[in-house]
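A.B. asks: Dropping in start_14.cif, which is mmCIF, N, CA and C atoms:
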```cif
data_run
loop_
_atom_site.group_PDB
_atom_site.id
_atom_site.type_symbol
_atom_site.label_atom_id
_atom_site.label_comp_id
_atom_site.auth_asym_id
_atom_site.auth_seq_id
_atom_site.Cartn_x
_atom_site.Cartn_y
_atom_site.Cartn_z
ATOM 1 N N MET A 1 -55.458 -11.326 39.838
ATOM 2 C CA MET A 1 -55.987 -10.571 38.720
ATOM 3 C C MET A 1 -56.376 -11.549 37.613
ATOM 4 N N SER A 2 -57.524 -11.323 37.014
ATOM 5 C CA SER A 2 -57.969 -12.209 35.955
ATOM 6 C C SER A 2 -57.801 -11.531 34.599
ATOM 7 N N ARG A 3 -58.030 -12.299 33.575
ATOM 8 C CA ARG A 3 -57.914 -11.740 32.230
ATOM 9 C C ARG A 3 -59.121 -10.856 31.933
ATOM 10 N N ARG A 4 -58.941 -9.935 30.982
ATOM 11 C CA ARG A 4 -60.040 -9.051 30.606
ATOM 12 C C ARG A 4 -59.943 -8.716 29.132
ATOM 13 N N ILE A 5 -61.089 -8.429 28.528
ATOM 14 C CA ILE A 5 -61.127 -8.053 27.113
ATOM 15 C C ILE A 5 -60.710 -6.590 26.999
ATOM 16 N N ILE A 6 -59.700 -6.327 26.152
ATOM 17 C CA ILE A 6 -59.250 -4.950 25.956
ATOM 18 C C ILE A 6 -59.523 -4.450 24.544
ATOM 19 N N GLY A 7 -60.056 -5.320 23.692
ATOM 20 C CA GLY A 7 -60.366 -4.900 22.329
ATOM 21 C C GLY A 7 -61.208 -5.927 21.610
ATOM 22 N N GLN A 8 -61.909 -5.443 20.608
ATOM 23 C CA GLN A 8 -62.755 -6.302 19.794
ATOM 24 C C GLN A 8 -62.818 -5.689 18.401
ATOM 25 N N CYS A 9 -62.746 -6.537 17.381
ATOM 26 C CA CYS A 9 -62.852 -6.041 16.012
ATOM 27 C C CYS A 9 -63.500 -7.115 15.147
ATOM 28 N N ASN A 10 -63.896 -6.720 13.938
ATOM 29 C CA ASN A 10 -64.545 -7.670 13.044
ATOM 30 C C ASN A 10 -64.094 -7.442 11.605
ATOM 31 N N THR A 11 -64.697 -8.169 10.686
ATOM 32 C CA THR A 11 -64.287 -8.147 9.282
ATOM 33 C C THR A 11 -64.288 -6.738 8.698
ATOM 34 N N SER A 12 -65.289 -5.947 9.003
ATOM 35 C CA SER A 12 -65.349 -4.593 8.436
ATOM 36 C C SER A 12 -64.187 -3.735 8.918
ATOM 37 N N ASP A 13 -63.734 -3.944 10.154
ATOM 38 C CA ASP A 13 -62.568 -3.202 10.658
ATOM 39 C C ASP A 13 -61.309 -3.591 9.899
ATOM 40 N N PHE A 14 -61.192 -4.870 9.560
ATOM 41 C CA PHE A 14 -60.022 -5.313 8.791
ATOM 42 C C PHE A 14 -60.035 -4.712 7.397
ATOM 43 N N LYS A 15 -61.223 -4.599 6.811
ATOM 44 C CA LYS A 15 -61.320 -3.990 5.486
ATOM 45 C C LYS A 15 -60.952 -2.514 5.547
ATOM 46 N N ASP A 16 -61.272 -1.842 6.668
ATOM 47 C CA ASP A 16 -60.926 -0.422 6.842
ATOM 48 C C ASP A 16 -59.422 -0.191 6.897
ATOM 49 N N ILE A 17 -58.683 -1.172 7.415
ATOM 50 C CA ILE A 17 -57.229 -0.992 7.558
ATOM 51 C C ILE A 17 -56.443 -1.798 6.533
ATOM 52 N N GLU A 18 -57.103 -2.271 5.491
ATOM 53 C CA GLU A 18 -56.451 -3.118 4.490
ATOM 54 C C GLU A 18 -55.221 -2.442 3.887
ATOM 55 N N HIS A 19 -55.261 -1.129 3.732
ATOM 56 C CA HIS A 19 -54.117 -0.412 3.153
ATOM 57 C C HIS A 19 -52.863 -0.525 4.027
ATOM 58 N N LEU A 20 -53.001 -0.853 5.316
ATOM 59 C CA LEU A 20 -51.845 -1.005 6.200
ATOM 60 C C LEU A 20 -51.173 -2.369 6.039
ATOM 61 N N ALA A 21 -51.845 -3.312 5.397
ATOM 62 C CA ALA A 21 -51.315 -4.665 5.277
ATOM 63 C C ALA A 21 -50.033 -4.718 4.463
ATOM 64 N N SER A 22 -49.810 -3.735 3.603
ATOM 65 C CA SER A 22 -48.608 -3.742 2.778
ATOM 66 C C SER A 22 -47.368 -3.305 3.556
ATOM 67 N N LEU A 23 -47.553 -2.700 4.726
ATOM 68 C CA LEU A 23 -46.409 -2.292 5.539
ATOM 69 C C LEU A 23 -45.775 -3.522 6.170
ATOM 70 N N THR A 24 -44.464 -3.519 6.306
ATOM 71 C CA THR A 24 -43.800 -4.690 6.866
ATOM 72 C C THR A 24 -43.951 -4.771 8.374
ATOM 73 N N GLU A 25 -44.014 -3.631 9.045
ATOM 74 C CA GLU A 25 -44.206 -3.625 10.480
ATOM 75 C C GLU A 25 -45.116 -2.467 10.847
ATOM 76 N N ILE A 26 -46.096 -2.739 11.642
ATOM 77 C CA ILE A 26 -47.039 -1.691 12.008
ATOM 78 C C ILE A 26 -46.775 -1.254 13.437
ATOM 79 N N GLU A 27 -46.501 0.013 13.605
ATOM 80 C CA GLU A 27 -46.297 0.571 14.936
ATOM 81 C C GLU A 27 -47.064 1.870 15.087
ATOM 82 N N ILE A 28 -48.222 1.977 14.445
ATOM 83 C CA ILE A 28 -48.998 3.201 14.560
ATOM 84 C C ILE A 28 -50.274 2.934 15.339
ATOM 85 N N TYR A 29 -50.528 3.756 16.293
ATOM 86 C CA TYR A 29 -51.793 3.726 17.015
ATOM 87 C C TYR A 29 -52.293 5.160 17.001
ATOM 88 N N SER A 30 -52.721 5.573 15.848
ATOM 89 C CA SER A 30 -53.121 6.950 15.599
ATOM 90 C C SER A 30 -54.398 7.300 16.348
ATOM 91 N N THR A 31 -54.506 8.553 16.695
ATOM 92 C CA THR A 31 -55.728 9.033 17.327
ATOM 93 C C THR A 31 -56.870 9.093 16.326
ATOM 94 N N ASN A 32 -56.556 8.980 15.042
ATOM 95 C CA ASN A 32 -57.592 9.002 14.004
ATOM 96 C C ASN A 32 -58.331 7.676 13.891
ATOM 97 N N LEU A 33 -57.826 6.628 14.522
ATOM 98 C CA LEU A 33 -58.453 5.310 14.440
ATOM 99 C C LEU A 33 -59.456 5.127 15.572
ATOM 100 N N SER A 34 -60.541 4.431 15.273
ATOM 101 C CA SER A 34 -61.521 4.092 16.303
ATOM 102 C C SER A 34 -60.932 2.985 17.187
ATOM 103 N N PRO A 35 -61.492 2.770 18.369
ATOM 104 C CA PRO A 35 -61.001 1.668 19.220
ATOM 105 C C PRO A 35 -61.033 0.316 18.515
ATOM 106 N N ARG A 36 -62.047 0.069 17.690
ATOM 107 C CA ARG A 36 -62.131 -1.200 16.964
ATOM 108 C C ARG A 36 -61.020 -1.296 15.921
ATOM 109 N N GLN A 37 -60.721 -0.179 15.256
ATOM 110 C CA GLN A 37 -59.646 -0.176 14.269
ATOM 111 C C GLN A 37 -58.290 -0.354 14.952
ATOM 112 N N LYS A 38 -58.127 0.220 16.134
ATOM 113 C CA LYS A 38 -56.878 0.028 16.888
ATOM 114 C C LYS A 38 -56.693 -1.448 17.237
ATOM 115 N N ALA A 39 -57.776 -2.112 17.632
ATOM 116 C CA ALA A 39 -57.710 -3.545 17.914
ATOM 117 C C ALA A 39 -57.374 -4.316 16.642
ATOM 118 N N ALA A 40 -57.953 -3.905 15.510
ATOM 119 C CA ALA A 40 -57.668 -4.562 14.231
ATOM 120 C C ALA A 40 -56.208 -4.391 13.844
ATOM 121 N N VAL A 41 -55.630 -3.213 14.101
ATOM 122 C CA VAL A 41 -54.209 -2.983 13.824
ATOM 123 C C VAL A 41 -53.355 -3.889 14.704
ATOM 124 N N ARG A 42 -53.745 -4.048 15.949
ATOM 125 C CA ARG A 42 -53.003 -4.933 16.870
ATOM 126 C C ARG A 42 -53.038 -6.378 16.372
ATOM 127 N N VAL A 43 -54.212 -6.822 15.912
ATOM 128 C CA VAL A 43 -54.348 -8.181 15.377
ATOM 129 C C VAL A 43 -53.533 -8.318 14.093
ATOM 130 N N LEU A 44 -53.609 -7.325 13.212
ATOM 131 C CA LEU A 44 -52.834 -7.350 11.962
ATOM 132 C C LEU A 44 -51.340 -7.427 12.259
ATOM 133 N N SER A 45 -50.884 -6.672 13.235
ATOM 134 C CA SER A 45 -49.467 -6.703 13.612
ATOM 135 C C SER A 45 -49.062 -8.096 14.093
ATOM 136 N N HIS A 46 -49.932 -8.729 14.877
ATOM 137 C CA HIS A 46 -49.657 -10.090 15.353
ATOM 138 C C HIS A 46 -49.589 -11.067 14.180
ATOM 139 N N PHE A 47 -50.526 -10.949 13.239
ATOM 140 C CA PHE A 47 -50.532 -11.828 12.068
ATOM 141 C C PHE A 47 -49.255 -11.625 11.249
ATOM 142 N N GLN A 48 -48.820 -10.370 11.098
ATOM 143 C CA GLN A 48 -47.591 -10.108 10.348
ATOM 144 C C GLN A 48 -46.390 -10.724 11.042
ATOM 145 N N SER A 49 -46.335 -10.635 12.373
ATOM 146 C CA SER A 49 -45.197 -11.217 13.089
ATOM 147 C C SER A 49 -45.180 -12.739 12.986
ATOM 148 N N CYS A 50 -46.340 -13.325 12.689
ATOM 149 C CA CYS A 50 -46.434 -14.779 12.505
ATOM 150 C C CYS A 50 -46.282 -15.194 11.045
ATOM 151 N N GLY A 51 -46.187 -14.224 10.144
ATOM 152 C CA GLY A 51 -46.050 -14.529 8.725
ATOM 153 C C GLY A 51 -47.328 -15.016 8.069
ATOM 154 N N VAL A 52 -48.473 -14.665 8.631
ATOM 155 C CA VAL A 52 -49.762 -15.086 8.093
ATOM 156 C C VAL A 52 -50.286 -13.990 7.162
ATOM 157 N N PRO A 53 -50.726 -14.339 5.947
ATOM 158 C CA PRO A 53 -51.183 -13.322 4.995
ATOM 159 C C PRO A 53 -52.472 -12.625 5.439
ATOM 160 N N PHE A 54 -52.638 -11.409 4.943
ATOM 161 C CA PHE A 54 -53.800 -10.585 5.291
ATOM 162 C C PHE A 54 -55.113 -11.256 4.907
ATOM 163 N N GLU A 55 -55.120 -12.040 3.848
ATOM 164 C CA GLU A 55 -56.347 -12.679 3.374
ATOM 165 C C GLU A 55 -56.986 -13.557 4.457
ATOM 166 N N VAL A 56 -56.173 -14.089 5.368
ATOM 167 C CA VAL A 56 -56.720 -14.920 6.448
ATOM 168 C C VAL A 56 -57.578 -14.063 7.384
ATOM 169 N N LEU A 57 -57.178 -12.815 7.601
ATOM 170 C CA LEU A 57 -57.970 -11.919 8.450
ATOM 171 C C LEU A 57 -59.373 -11.712 7.904
ATOM 172 N N LEU A 58 -59.485 -11.695 6.593
ATOM 173 C CA LEU A 58 -60.795 -11.469 5.981
ATOM 174 C C LEU A 58 -61.724 -12.669 6.127
ATOM 175 N N LYS A 59 -61.208 -13.790 6.625
ATOM 176 C CA LYS A 59 -62.023 -14.972 6.878
ATOM 177 C C LYS A 59 -62.524 -15.009 8.323
ATOM 178 N N LEU A 60 -62.175 -13.976 9.099
ATOM 179 C CA LEU A 60 -62.587 -13.911 10.495
ATOM 180 C C LEU A 60 -63.815 -13.027 10.640
ATOM 181 N N ARG A 61 -64.774 -13.506 11.379
ATOM 182 C CA ARG A 61 -65.986 -12.715 11.646
ATOM 183 C C ARG A 61 -65.724 -11.740 12.782
ATOM 184 N N GLU A 62 -64.991 -12.195 13.801
ATOM 185 C CA GLU A 62 -64.754 -11.365 14.981
ATOM 186 C C GLU A 62 -63.492 -11.831 15.697
ATOM 187 N N VAL A 63 -62.799 -10.885 16.315
ATOM 188 C CA VAL A 63 -61.624 -11.204 17.130
ATOM 189 C C VAL A 63 -61.760 -10.457 18.456
ATOM 190 N N LEU A 64 -61.571 -11.179 19.546
ATOM 191 C CA LEU A 64 -61.508 -10.565 20.871
ATOM 192 C C LEU A 64 -60.048 -10.538 21.294
ATOM 193 N N VAL A 65 -59.605 -9.401 21.814
ATOM 194 C CA VAL A 65 -58.230 -9.260 22.304
ATOM 195 C C VAL A 65 -58.296 -9.267 23.824
ATOM 196 N N TRP A 66 -57.615 -10.240 24.427
ATOM 197 C CA TRP A 66 -57.623 -10.410 25.879
ATOM 198 C C TRP A 66 -56.279 -9.976 26.450
ATOM 199 N N GLU A 67 -56.315 -9.293 27.584
ATOM 200 C CA GLU A 67 -55.095 -9.023 28.342
ATOM 201 C C GLU A 67 -55.030 -10.072 29.444
ATOM 202 N N MET A 68 -53.935 -10.809 29.474
ATOM 203 C CA MET A 68 -53.779 -11.893 30.425
ATOM 204 C C MET A 68 -53.179 -11.353 31.734
ATOM 205 N N PRO A 69 -53.254 -12.117 32.814
ATOM 206 C CA PRO A 69 -52.719 -11.650 34.098
ATOM 207 C C PRO A 69 -51.241 -11.254 34.052
ATOM 208 N N ASP A 70 -50.464 -11.876 33.158
ATOM 209 C CA ASP A 70 -49.038 -11.545 33.043
ATOM 210 C C ASP A 70 -48.793 -10.374 32.090
ATOM 211 N N LYS A 71 -49.861 -9.658 31.716
ATOM 212 C CA LYS A 71 -49.833 -8.501 30.809
ATOM 213 C C LYS A 71 -49.584 -8.886 29.356
ATOM 214 N N GLY A 72 -49.575 -10.180 29.048
ATOM 215 C CA GLY A 72 -49.477 -10.644 27.671
ATOM 216 C C GLY A 72 -50.847 -10.546 27.006
ATOM 217 N N LEU A 73 -50.873 -10.771 25.711
ATOM 218 C CA LEU A 73 -52.121 -10.715 24.960
ATOM 219 C C LEU A 73 -52.506 -12.096 24.460
ATOM 220 N N ALA A 74 -53.797 -12.327 24.393
ATOM 221 C CA ALA A 74 -54.340 -13.546 23.793
ATOM 222 C C ALA A 74 -55.454 -13.117 22.845
ATOM 223 N N PHE A 75 -55.625 -13.878 21.778
ATOM 224 C CA PHE A 75 -56.632 -13.552 20.774
ATOM 225 C C PHE A 75 -57.632 -14.697 20.676
ATOM 226 N N GLU A 76 -58.905 -14.349 20.603
ATOM 227 C CA GLU A 76 -59.968 -15.331 20.419
ATOM 228 C C GLU A 76 -60.616 -15.044 19.065
ATOM 229 N N TYR A 77 -60.593 -16.041 18.189
ATOM 230 C CA TYR A 77 -61.062 -15.862 16.819
ATOM 231 C C TYR A 77 -62.403 -16.550 16.597
ATOM 232 N N LYS A 78 -63.272 -15.888 15.839
ATOM 233 C CA LYS A 78 -64.528 -16.491 15.387
ATOM 234 C C LYS A 78 -64.540 -16.387 13.869
ATOM 235 N N LEU A 79 -64.668 -17.523 13.203
ATOM 236 C CA LEU A 79 -64.597 -17.572 11.746
ATOM 237 C C LEU A 79 -65.936 -17.268 11.091
ATOM 238 N N LEU A 80 -65.870 -16.721 9.875
ATOM 239 C CA LEU A 80 -67.088 -16.526 9.083
ATOM 240 C C LEU A 80 -67.740 -17.864 8.802
ATOM 241 N N ASP A 81 -66.915 -18.867 8.454
ATOM 242 C CA ASP A 81 -67.390 -20.225 8.193
ATOM 243 C C ASP A 81 -66.769 -21.137 9.244
ATOM 244 N N ALA A 82 -67.548 -21.551 10.212
ATOM 245 C CA ALA A 82 -67.036 -22.371 11.318
ATOM 246 C C ALA A 82 -66.462 -23.705 10.838
ATOM 247 N N ARG A 83 -66.794 -24.129 9.627
ATOM 248 C CA ARG A 83 -66.296 -25.406 9.100
ATOM 249 C C ARG A 83 -65.024 -25.251 8.272
ATOM 250 N N ASP A 84 -64.464 -24.058 8.216
ATOM 251 C CA ASP A 84 -63.255 -23.795 7.425
ATOM 252 C C ASP A 84 -62.031 -24.347 8.169
ATOM 253 N N SER A 85 -61.746 -25.616 7.925
ATOM 254 C CA SER A 85 -60.672 -26.293 8.651
ATOM 255 C C SER A 85 -59.287 -25.791 8.256
ATOM 256 N N VAL A 86 -59.127 -25.302 7.039
ATOM 257 C CA VAL A 86 -57.823 -24.787 6.605
ATOM 258 C C VAL A 86 -57.454 -23.548 7.427
ATOM 259 N N THR A 87 -58.393 -22.609 7.551
ATOM 260 C CA THR A 87 -58.138 -21.395 8.335
ATOM 261 C C THR A 87 -57.978 -21.740 9.809
ATOM 262 N N GLN A 88 -58.775 -22.656 10.319
ATOM 263 C CA GLN A 88 -58.632 -23.080 11.717
ATOM 264 C C GLN A 88 -57.236 -23.622 11.973
ATOM 265 N N ASN A 89 -56.721 -24.401 11.038
ATOM 266 C CA ASN A 89 -55.381 -24.962 11.184
ATOM 267 C C ASN A 89 -54.320 -23.862 11.186
ATOM 268 N N VAL A 90 -54.470 -22.870 10.317
ATOM 269 C CA VAL A 90 -53.531 -21.747 10.278
ATOM 270 C C VAL A 90 -53.527 -21.029 11.623
ATOM 271 N N LEU A 91 -54.709 -20.784 12.178
ATOM 272 C CA LEU A 91 -54.813 -20.080 13.455
ATOM 273 C C LEU A 91 -54.215 -20.881 14.603
ATOM 274 N N TRP A 92 -54.409 -22.195 14.583
ATOM 275 C CA TRP A 92 -53.879 -23.044 15.650
ATOM 276 C C TRP A 92 -52.361 -23.149 15.610
ATOM 277 N N THR A 93 -51.788 -23.099 14.414
ATOM 278 C CA THR A 93 -50.349 -23.361 14.287
ATOM 279 C C THR A 93 -49.484 -22.119 14.163
ATOM 280 N N MET A 94 -50.080 -20.933 14.075
ATOM 281 C CA MET A 94 -49.253 -19.739 13.870
ATOM 282 C C MET A 94 -48.513 -19.357 15.140
ATOM 283 N N GLN A 95 -47.257 -18.997 14.947
ATOM 284 C CA GLN A 95 -46.388 -18.577 16.041
ATOM 285 C C GLN A 95 -45.548 -17.408 15.563
ATOM 286 N N PRO A 96 -45.312 -16.436 16.431
ATOM 287 C CA PRO A 96 -44.449 -15.321 16.027
ATOM 288 C C PRO A 96 -43.055 -15.818 15.663
ATOM 289 N N ARG A 97 -42.492 -15.204 14.634
ATOM 290 C CA ARG A 97 -41.139 -15.562 14.225
ATOM 291 C C ARG A 97 -40.145 -15.024 15.231
ATOM 292 N N LYS A 98 -39.029 -15.690 15.323
ATOM 293 C CA LYS A 98 -37.952 -15.216 16.186
ATOM 294 C C LYS A 98 -37.308 -14.008 15.524
ATOM 295 N N ILE A 99 -37.019 -13.011 16.307
ATOM 296 C CA ILE A 99 -36.401 -11.799 15.796
ATOM 297 C C ILE A 99 -34.940 -11.794 16.212
ATOM 298 N N LYS A 100 -34.067 -11.600 15.223
ATOM 299 C CA LYS A 100 -32.640 -11.539 15.524
ATOM 300 C C LYS A 100 -32.300 -10.149 16.041
ATOM 301 N N VAL A 101 -31.637 -10.114 17.162
ATOM 302 C CA VAL A 101 -31.216 -8.852 17.743
ATOM 303 C C VAL A 101 -29.698 -8.818 17.684
ATOM 304 N N GLU A 102 -29.180 -7.773 17.057
ATOM 305 C CA GLU A 102 -27.721 -7.634 16.969
ATOM 306 C C GLU A 102 -27.201 -7.077 18.274
ATOM 307 N N ARG A 103 -26.229 -7.758 18.815
ATOM 308 C CA ARG A 103 -25.593 -7.288 20.053
ATOM 309 C C ARG A 103 -24.263 -6.682 19.735
ATOM 310 N N ARG A 104 -24.004 -5.591 20.360
ATOM 311 C CA ARG A 104 -22.734 -4.895 20.095
ATOM 312 C C ARG A 104 -21.782 -5.065 21.225
#
```
As a first step, turn the structure in this file into structure tokens.

C.D. replies:
Amino acid sequence: MSRRIIGQCNTSDFKDIEHLASLTEIEIYSTNLSPRQKAAVRVLSHFQSCGVPFEVLLKLREVLVWEMPDKGLAFEYKLLDARDSVTQNVLWTMQPRKIKVERR
């Protein structure tokens, strides 16, 4: 099985969901959202788990969401300004934070 694109979103989709950026964790996939907005929510959730501010999303022209053979997700970013090395560095170095799970 090969990877496949399962979502695509762009700057305007991020602006549509900007009000969700203030939430600490996003777990809504409402039927009221378009497929592009659902992809944008997925990307926003990933950025939040990495501790990256919402303003970085507004520097992206387009994001492709890939489903990998192991059912994991990969993101492909296209910047508004291809020469923006600061944003490129943020994207290259971001990693999800470790989540502490309490065991009983």

A.B. asks: One decimal, Å: what's the distance from CA of Ala74 in chain A over to CA of Ile6 in chain A, could you say?

C.D. replies: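 Computing the Euclidean distance for CA of Ala74 in chain A and CA of Ile6 in chain A yields 10.1 Å.
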
A.B. asks: How many Å lie between CA of Ile5 in chain A and atom N of Val86 in chain A, rounded to one decimal?

C.D. replies: 26.5 Å

A.B. asks: Hey, what does DSSP flag as alpha helix (DSSP H) within range 1-101 of chain A? Can you give it to me as a PyMOL selection string?

C.D. replies: chain A and resi 11-16+35-49+54-57+85-93

A.B. asks: For a quick check of understanding, using all atoms listed in the file, which of A:Asn89, A:Ser49, A:Gln8, A:Ser22 has the smallest distance to Gln37 in chain A?

C.D. replies: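 Of A:Asn89, A:Ser49, A:Gln8, A:Ser22, the one nearest Gln37 in chain A is A:Gln8, counting all atoms listed in the file.
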
A.B. asks: Please determine, counting only C-alpha atoms, which residue among A:Asp70, A:Asp16, A:Glu55, A:Glu76 has the shortest atom-to-atom distance to Arg3 in chain A.

C.D. replies: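 Of the candidates, the smallest distance to Arg3 in chain A is held by A:Asp70.
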
A.B. asks: Mind pulling up the distance from atom C of Val56 in chain A to atom C of Ser12 in chain A?

C.D. replies: 12.4 Å

A.B. asks: Would you kindly identify which residues have an atom no farther than 12 Å from (-58.3, 4.6, 5.4), using only C-alpha atoms and the file's own coordinates, and write them out as number ranges by chain?

C.D. replies: A: 12-21, 30, 32-34, 37

A.B. asks: Mind telling me what the PyMOL selection byres ((chain A and resi 67) around 8) catches here, as a list in words?

C.D. replies: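 Those residues are Ser2, Arg3, Arg4, Ile5, Ile6, Gly7, Leu64, Val65, Trp66, Met68, Pro69, Asp70, Lys71, Gly72, Leu73, Ala74 and Phe75 of chain A.
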
A.B. asks: Just N, CA and C atoms for this one: save the residues we selected as a CSV table (one decimal), in the frame of the given file.

C.D. replies:
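Contents of again26.csv, freshly written:
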```
chain,number,residue,atom,x,y,z
A,2,SER,N,-57.5,-11.3,37.0
A,2,SER,CA,-58.0,-12.2,36.0
A,2,SER,C,-57.8,-11.5,34.6
A,3,ARG,N,-58.0,-12.3,33.6
A,3,ARG,CA,-57.9,-11.7,32.2
A,3,ARG,C,-59.1,-10.9,31.9
A,4,ARG,N,-58.9,-9.9,31.0
A,4,ARG,CA,-60.0,-9.1,30.6
A,4,ARG,C,-59.9,-8.7,29.1
A,5,ILE,N,-61.1,-8.4,28.5
A,5,ILE,CA,-61.1,-8.1,27.1
A,5,ILE,C,-60.7,-6.6,27.0
A,6,ILE,N,-59.7,-6.3,26.2
A,6,ILE,CA,-59.2,-5.0,26.0
A,6,ILE,C,-59.5,-4.4,24.5
A,7,GLY,N,-60.1,-5.3,23.7
A,7,GLY,CA,-60.4,-4.9,22.3
A,7,GLY,C,-61.2,-5.9,21.6
A,64,LEU,N,-61.6,-11.2,19.5
A,64,LEU,CA,-61.5,-10.6,20.9
A,64,LEU,C,-60.0,-10.5,21.3
A,65,VAL,N,-59.6,-9.4,21.8
A,65,VAL,CA,-58.2,-9.3,22.3
A,65,VAL,C,-58.3,-9.3,23.8
A,66,TRP,N,-57.6,-10.2,24.4
A,66,TRP,CA,-57.6,-10.4,25.9
A,66,TRP,C,-56.3,-10.0,26.4
A,68,MET,N,-53.9,-10.8,29.5
A,68,MET,CA,-53.8,-11.9,30.4
A,68,MET,C,-53.2,-11.4,31.7
A,69,PRO,N,-53.3,-12.1,32.8
A,69,PRO,CA,-52.7,-11.6,34.1
A,69,PRO,C,-51.2,-11.3,34.1
A,70,ASP,N,-50.5,-11.9,33.2
A,70,ASP,CA,-49.0,-11.5,33.0
A,70,ASP,C,-48.8,-10.4,32.1
A,71,LYS,N,-49.9,-9.7,31.7
A,71,LYS,CA,-49.8,-8.5,30.8
A,71,LYS,C,-49.6,-8.9,29.4
A,72,GLY,N,-49.6,-10.2,29.0
A,72,GLY,CA,-49.5,-10.6,27.7
A,72,GLY,C,-50.8,-10.5,27.0
A,73,LEU,N,-50.9,-10.8,25.7
A,73,LEU,CA,-52.1,-10.7,25.0
A,73,LEU,C,-52.5,-12.1,24.5
A,74,ALA,N,-53.8,-12.3,24.4
A,74,ALA,CA,-54.3,-13.5,23.8
A,74,ALA,C,-55.5,-13.1,22.8
A,75,PHE,N,-55.6,-13.9,21.8
A,75,PHE,CA,-56.6,-13.6,20.8
A,75,PHE,C,-57.6,-14.7,20.7
```

A.B. asks: May I have a table of the residues of range 3-85 of chain A lying at most 7 Å from range 92-97 of chain A, giving each one's closest pair of atoms and their distance in Å to one decimal, counting all atoms listed in the file, ordered by chain and ascending residue number, as JSON lines?

C.D. replies:
```
{"residue": "A:His46", "atom": "C", "partner": "A:Pro96", "partner_atom": "CA", "distance": 6.9}
{"residue": "A:Gln48", "atom": "C", "partner": "A:Arg97", "partner_atom": "N", "distance": 6.9}
{"residue": "A:Ser49", "atom": "C", "partner": "A:Arg97", "partner_atom": "N", "distance": 4.0}
{"residue": "A:Cys50", "atom": "CA", "partner": "A:Pro96", "partner_atom": "CA", "distance": 4.1}
{"residue": "A:Gly51", "atom": "N", "partner": "A:Arg97", "partner_atom": "N", "distance": 5.9}
```

A.B. asks: So which one's closest to Cys9 in chain A, A:Glu62, A:Phe54, A:Phe47, A:Arg42? Using only N, CA and C atoms, please.

C.D. replies: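 The shortest atom-to-atom distance to Cys9 in chain A comes from A:Glu62.
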